[in-house]
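**Student:** Dropping a structure here in structure tokens format, bear with me for questions.
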Amino acid sequence: MDFLETLAFSAVMGLSIFLSLPIVLHRKTGEVRITVLTAVAAGILVFLMGDLFSDAAATLYNGSLYGYGSSPSRDLIFAGSLAAGFLVLFVGEGRSKKGITPTRLALVIAIGMGFQNLTEGLVFGSLGVALGLSGAALVVLVGFIFQNITEGFPIASPFLGRAEGKERLILAFFLIGGLPTIAGGAVGYYYSSATLGLAFDGVAIGAILYAVLPMLRGVFRDTSPRLQRLGYLGVFVGFMLGFLVNLV
């Protein structure tokens with residue numbers, strides 16, 4: 001692939017996030033459906049954290065010490081980026097008198113997705129220049145498209161049942177989550193670095209971890225035992241959905 005083709009396919013990957021819009025803009029959403037769908041969105045985020053860490057682990061645990069060693073410098077980079085992704089949001093939210101509103105929560109999730117998709121773009125760009133649109137690069141393209149479709153849902157989940165009048169805001173957050181894929185593809189085409197990807201993975205995990213906690217709190221706060229059980233099931237379904245999509 002040449003550079004423009006890489007950008008084009010990266011755009012397809014990143015903007016596939018908009019395919020989840022029909023679900024999130026559905027206006028007739030009752031309390032039970034909101035609880036279940038929010039739980040599913042949280043389960044998807046939990047899976048994405050595990051998926052991101054599995055990518056980081058391949059770089060961190062390089063087996064330099066009888067198969068169990070890791071690189072102290074890379075450990076420090078990952079720990080620092082993870083702390084930055086979580087603590088910057090934690091401190092910033094702590095200074096807000098309004099707390100974490102639905103708009104702020106959606107923005108935080110979008111930022112976390114943006115860093116994750118930046119890493120995906122880096123991977124695709126580096127594979128594309130080496131292999132063209134074949135083999136591993138094609139698998140990555142198709143897999144990331146399906147994964148990004150599920151990522152739009154968590155971003156918009158804070159607006160479930162109250163998306164009317166928020167359409168432009170949701171579209172803006174989708175762009176925050178999806179456009180970094182294009183930037184990653186452009187950078188990855190010319191420059192590939194495991195350390196850079198590690199740093200972005202750490203920031204993404206930290207941001208997603210910060211976002212998933214209030215989502216879970218909302219699912220299980222002041223609800224009936226029936227809704228709580230549905231919430232547990234929703235988280236499980238979301239995790240399994242992330243897993244199954246990732247198999248593609």
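Simple scheme: letters A, B, ... for chains in structure tokens order, numbers from 1 for residues in each chain, numbers from 1 for ligands in the order shown.
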Which residues are close to Arg74 (chain A), i.e. within 9 Å by only C-alpha atoms, leaving aside same-chain residues fewer than 5 positions away? Reply as a VMD selection string.
**Tutor:** chain A and resid 59 to 60 79 195 198 to 199
**Student:** So which residues touch Tyr191 (chain A) within 12 Å, counting only C-alpha atoms, skipping near sequence neighbours fewer than 6 positions away, as a list in words?
**Tutor:** Gly121, Leu122, Val123, Phe124, Gly125, Ser126, Leu127, Gly128, Val129, Ala130, Ala183, Gly184, Gly185 and Gly197 of chain A
**Student:** Grab the residues selected above and save them as a compact mmCIF listing (two decimals), in the first residue's frame with C-alpha atoms.
**Tutor:**
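File again00.txt, as written:
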# COMPACT_ATOMS: atom_id res chain seq x y z
CA GLY A 121 -3.50 2.89 13.50
CA LEU A 122 0.20 2.56 14.30
CA VAL A 123 -0.05 -1.22 13.99
CA PHE A 124 -1.97 -1.08 10.72
CA GLY A 125 0.32 1.56 9.20
CA SER A 126 3.46 -0.41 9.96
CA LEU A 127 1.95 -3.67 8.66
CA GLY A 128 0.57 -1.97 5.57
CA VAL A 129 3.92 -0.58 4.45
CA ALA A 130 5.59 -3.95 5.05
CA ALA A 183 -3.21 9.79 12.59
CA GLY A 184 -1.82 6.47 13.84
CA GLY A 185 -1.90 5.01 10.34
CA GLY A 197 2.63 1.88 21.25
**Student:** Run DSSP on the backbone and tell me which residues of region 19-230 of chain A come out as helix (DSSP H, G or I); list them as an MDAnalysis selection string.
**Tutor:** chainID A and resid 19:24 31:60 72:94 102:131 136:159 167:178 180:190 194:220 225:230
**Student:** Please identify all polymer residues within 9 Å of Ala42 (chain A), counting only C-alpha atoms, omitting same-chain residues fewer than 5 positions from it, and present them as a tab-separated table (two decimals) with C-alpha atoms, in the first residue's frame.
**Tutor:**
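Output file selection_34.tsv is given in full below:
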chain	number	residue	atom	x	y	z
A	37	LEU	CA	-27.13	-1.53	27.61
A	47	PHE	CA	-12.61	-6.42	27.70
A	154	PRO	CA	-19.66	2.81	25.12
A	157	SER	CA	-23.81	5.06	26.56
A	211	ALA	CA	-14.45	5.84	32.84
A	212	VAL	CA	-15.74	2.35	33.58
A	213	LEU	CA	-16.01	2.89	37.35
A	215	MET	CA	-20.59	3.41	34.63
A	216	LEU	CA	-20.64	0.39	36.92
A	234	GLY	CA	-25.04	-7.25	30.77
A	235	VAL	CA	-21.40	-6.83	31.82
A	238	GLY	CA	-20.44	-7.00	26.83
A	239	PHE	CA	-17.20	-8.78	27.69
**Student:** Extract, using only C-alpha atoms, all DNA, RNA and protein residues at most 9 Å from Leu25 (chain A), discarding same-chain residues fewer than 6 positions from it, and format them as an MDAnalysis selection string.
**Tutor:** chainID A and resid 156 159:164 167
**Student:** Would you compute the distance between CA of Leu76 (chain A) and CA of Ile205 (chain A)? Give it in Å to one decimal.
**Tutor:**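 Between these atoms lies a distance of 15.1 Å.
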**Student:** Any idea what's packed within 9 Å of Leu227 (chain A), counting only C-alpha atoms, ignoring anything in its chain fewer than 5 positions away? Could you give it as a list in words?
**Tutor:** Val32, Thr35, Val36, Val219, Phe220 and Tyr232 of chain A
**Student:** Output N, CA and C atoms for every residue in that selection, as a compact mmCIF listing (two decimals), in the first residue's frame.
**Tutor:**
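Listed below is the output, selection.txt:
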# COMPACT_ATOMS: atom_id res chain seq x y z
N VAL A 32 -35.03 -0.36 32.18
CA VAL A 32 -34.40 -1.69 32.12
C VAL A 32 -33.41 -1.75 30.96
N THR A 35 -30.26 0.27 31.71
CA THR A 35 -29.39 -0.43 32.66
C THR A 35 -28.62 -1.55 31.96
N VAL A 36 -29.32 -2.34 31.17
CA VAL A 36 -28.68 -3.47 30.49
C VAL A 36 -27.66 -2.99 29.47
N VAL A 219 -24.90 1.55 37.08
CA VAL A 219 -25.66 0.33 36.80
C VAL A 219 -26.19 -0.29 38.08
N PHE A 220 -25.36 -0.31 39.14
CA PHE A 220 -25.71 -1.06 40.35
C PHE A 220 -26.18 -0.18 41.51
N TYR A 232 -25.36 -7.51 36.01
CA TYR A 232 -24.27 -8.50 35.98
C TYR A 232 -24.23 -9.22 34.64
**Student:** What does the structure give for the distance between CA of Ser193 (chain A) and CA of Ala110 (chain A), in Å to one decimal?
**Tutor:** 23.8 Å
**Student:** For Leu82 (chain A), list every protein, DNA or RNA residue within 10 Å, evaluated using only C-alpha atoms, and leave out those in the same chain fewer than 5 positions away; present the list as a list of chain:residue names.
**Tutor:**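 Listing them by chain and then by number gives A:Leu76, A:Ile77, A:Leu87, A:Leu198, A:Ala199, A:Phe200, A:Asp201, A:Gly202, A:Val203, A:Ala204, A:Ile205, A:Gly206, A:Ala207, A:Leu209.
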